[in-house]
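Remarks on the structure that follows.
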Amino acid sequence: MSDTPTESAKPAFRGDMTVELVKHSAADSDVLWAARVSTAGEQSLEELTKDPERSKGLINFLMRDRHGSPFEHNSMTFFISAPIFVFREFMRHRVGWSYNEESGRYRELQPVFYVPGEDRKLVQQGRPGKYEFVSGTPEQHELTGRVMEESYRQAYEAYQEMLAAGVAREVARAVLPVGLYSSMYATCNARSLMHFLGLRTQHEQATVPSFPQREIEMVGELMEAEWAKLMPLTYAAFNANGRVAP
């Protein structure tokens, strides 16, 4: 990576999130052999070659009665691209998670910034603890996009000016906003992901209400879609039992 600023870099604006499942060791059978070792000992290894569909009742029982540790014997690693403010919320989830994020000390940060899409509700109504978001007017959407883009351009010009003058990247980055896109690897297991989804997504089957910021919910929805394909029986039991992590 060059130490000199990229003169051709121009600010880009986006309103989506990116989630890529880069590797995994996760299957419904992982839950079964972990659970059955308590009664079957070494014979629980036979679950590795059995069809987990035959034991979906056990998975549902474990979920329903909140026997959580069997859901930890798996792993998923995601590559995520999202605004910095989303990652700062992500870091609230520490148990069962590992993170490595790109560094503004060691690389020049690229000018990609978050601007809410037209479907992003902009206006908060009500008091804390009992509020809702509504769409907002076309004028508010125009204002939000215009002001954000102007602010981002000014901030990145200041960043580039300092880099061109020889100021260290770790100092120059201080002028950049939390709407800047960053990227990271996030590794979790099914139990820690379920806890994340219970707090960071809204769902009609959830028995405990959650009020996530929309941007981290967008990331959660993409991660959930990948996990659902890997562990369909576990995912179905999670939904059937109110989307509460065991």
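Chain labels follow the order of the structure tokens: the first chain is A, the next B, and so on; residue numbering restarts at 1 in every chain, and ligands are counted from 1 in their shown order.
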
Shell around A:Asp65 at 10 Å using only C-alpha atoms, local window under 5 positions removed, as a PyMOL selection string:
chain A and resi 60+241+246

Export C-alpha atoms of the chosen residues as a JSON list (two decimals), in the first residue's frame?
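The resulting file, selection-v1.json, is shown below:
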```json
[["chain", "number", "residue", "atom", "x", "y", "z"],
["A", 60, "ASN", "CA", -36.38, -27.59, 18.98],
["A", 241, "ASN", "CA", -39.45, -20.19, 19.81],
["A", 246, "PRO", "CA", -30.84, -20.05, 24.09]]
```

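Of the residues in stretch 84-124 of chain A, those given strand (DSSP E) by DSSP on the backbone are Trp97, Ser98, Tyr99, Asn100, Glu101, Val112, Phe113, Tyr114, Val123 and Gln124 of chain A.
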
Those same residues - N, CA and C atoms - I'd like them written as a PDB file, in the first residue's frame.
```pdb
ATOM      1  N   TRP A  97     -17.872 -13.472  19.766  1.00  0.00           N
ATOM      2  CA  TRP A  97     -17.542 -12.759  18.528  1.00  0.00           C
ATOM      3  C   TRP A  97     -16.051 -12.447  18.471  1.00  0.00           C
ATOM      4  N   SER A  98     -15.512 -12.435  17.259  1.00  0.00           N
ATOM      5  CA  SER A  98     -14.146 -11.964  17.006  1.00  0.00           C
ATOM      6  C   SER A  98     -14.189 -11.006  15.824  1.00  0.00           C
ATOM      7  N   TYR A  99     -13.426  -9.915  15.921  1.00  0.00           N
ATOM      8  CA  TYR A  99     -13.448  -8.883  14.888  1.00  0.00           C
ATOM      9  C   TYR A  99     -12.032  -8.497  14.466  1.00  0.00           C
ATOM     10  N   ASN A 100     -11.864  -8.212  13.190  1.00  0.00           N
ATOM     11  CA  ASN A 100     -10.683  -7.514  12.676  1.00  0.00           C
ATOM     12  C   ASN A 100     -11.145  -6.536  11.608  1.00  0.00           C
ATOM     13  N   GLU A 101     -10.871  -5.250  11.846  1.00  0.00           N
ATOM     14  CA  GLU A 101     -11.343  -4.172  10.971  1.00  0.00           C
ATOM     15  C   GLU A 101     -10.166  -3.492  10.294  1.00  0.00           C
ATOM     16  N   VAL A 112     -15.689   6.441   0.442  1.00  0.00           N
ATOM     17  CA  VAL A 112     -17.010   5.863   0.223  1.00  0.00           C
ATOM     18  C   VAL A 112     -17.846   6.172   1.461  1.00  0.00           C
ATOM     19  N   PHE A 113     -18.976   6.844   1.273  1.00  0.00           N
ATOM     20  CA  PHE A 113     -19.743   7.378   2.395  1.00  0.00           C
ATOM     21  C   PHE A 113     -21.205   6.950   2.318  1.00  0.00           C
ATOM     22  N   TYR A 114     -21.813   6.905   3.491  1.00  0.00           N
ATOM     23  CA  TYR A 114     -23.211   6.482   3.607  1.00  0.00           C
ATOM     24  C   TYR A 114     -24.161   7.664   3.455  1.00  0.00           C
ATOM     25  N   VAL A 123     -37.525  10.556  10.316  1.00  0.00           N
ATOM     26  CA  VAL A 123     -38.038  11.394  11.401  1.00  0.00           C
ATOM     27  C   VAL A 123     -38.467  10.536  12.584  1.00  0.00           C
ATOM     28  N   GLN A 124     -37.926  10.859  13.747  1.00  0.00           N
ATOM     29  CA  GLN A 124     -38.272  10.157  14.985  1.00  0.00           C
ATOM     30  C   GLN A 124     -39.372  10.915  15.712  1.00  0.00           C
TER      31      GLN A 124
END
```

Residue neighbourhood A:Ala155, 6 Å, only C-alpha atoms, exclusion window fewer than 3 positions, as a PDB file with N, CA and C atoms, in the first residue's frame:
```pdb
ATOM      1  N   TYR A 152     -19.275  15.329   3.616  1.00  0.00           N
ATOM      2  CA  TYR A 152     -18.312  14.274   3.301  1.00  0.00           C
ATOM      3  C   TYR A 152     -17.207  14.789   2.374  1.00  0.00           C
ATOM      4  N   ALA A 158     -10.093  17.702   3.311  1.00  0.00           N
ATOM      5  CA  ALA A 158      -9.203  18.031   4.418  1.00  0.00           C
ATOM      6  C   ALA A 158      -8.251  16.871   4.714  1.00  0.00           C
ATOM      7  N   VAL A 175     -10.337  13.742  10.933  1.00  0.00           N
ATOM      8  CA  VAL A 175     -11.331  14.644  10.341  1.00  0.00           C
ATOM      9  C   VAL A 175     -12.451  13.888   9.627  1.00  0.00           C
ATOM     10  N   LEU A 176     -12.325  12.576   9.496  1.00  0.00           N
ATOM     11  CA  LEU A 176     -13.312  11.806   8.729  1.00  0.00           C
ATOM     12  C   LEU A 176     -14.514  11.449   9.599  1.00  0.00           C
TER      13      LEU A 176
END
```

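Neighbouring residues of stretch 32-44 of chain A at 12 Å or closer, counting only C-alpha atoms and skipping chain neighbours under 6 positions away, are Ala26, Lys50, Asp51, Pro52, Glu53, Arg54, Ser55, Lys56, Gly57, Leu58, Ile59, Asn60, Phe61, Leu62, Met63, His67, Gly68, Ser69, Pro70, Phe71, Glu72, His73, Asn74, Met231, Leu233 and Thr234 of chain A.
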
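The residue that comes closest to A:Ala168, out of A:Arg94, A:Arg214, A:Lys121, A:Arg105 and on the basis of only C-alpha atoms, is A:Arg105.
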
DSSP on the backbone: what in stretch 37-152 of chain A comes out helix (DSSP H, G or I), as an MDAnalysis selection string?
chainID A and resid 37:49 52:64 69:72 84:90 138:152

Show me a table, sorted first by chain and then by increasing residue number, of the residues of stretch 39-148 of chain A having an atom at most 12 Å from stretch 203-211 of chain A, each with its shortest atom pair and the distance in Å to one decimal, counting only C-alpha atoms and written as a Markdown table.
```
| residue | atom | partner | partner_atom | distance |
| --- | --- | --- | --- | --- |
| A:Pro128 | CA | A:Phe211 | CA | 11.3 |
| A:Gly129 | CA | A:Phe211 | CA | 9.2 |
| A:Lys130 | CA | A:Phe211 | CA | 9.9 |
| A:Tyr131 | CA | A:Phe211 | CA | 9.5 |
| A:Glu132 | CA | A:Phe211 | CA | 9.2 |
| A:Phe133 | CA | A:Phe211 | CA | 10.4 |
```
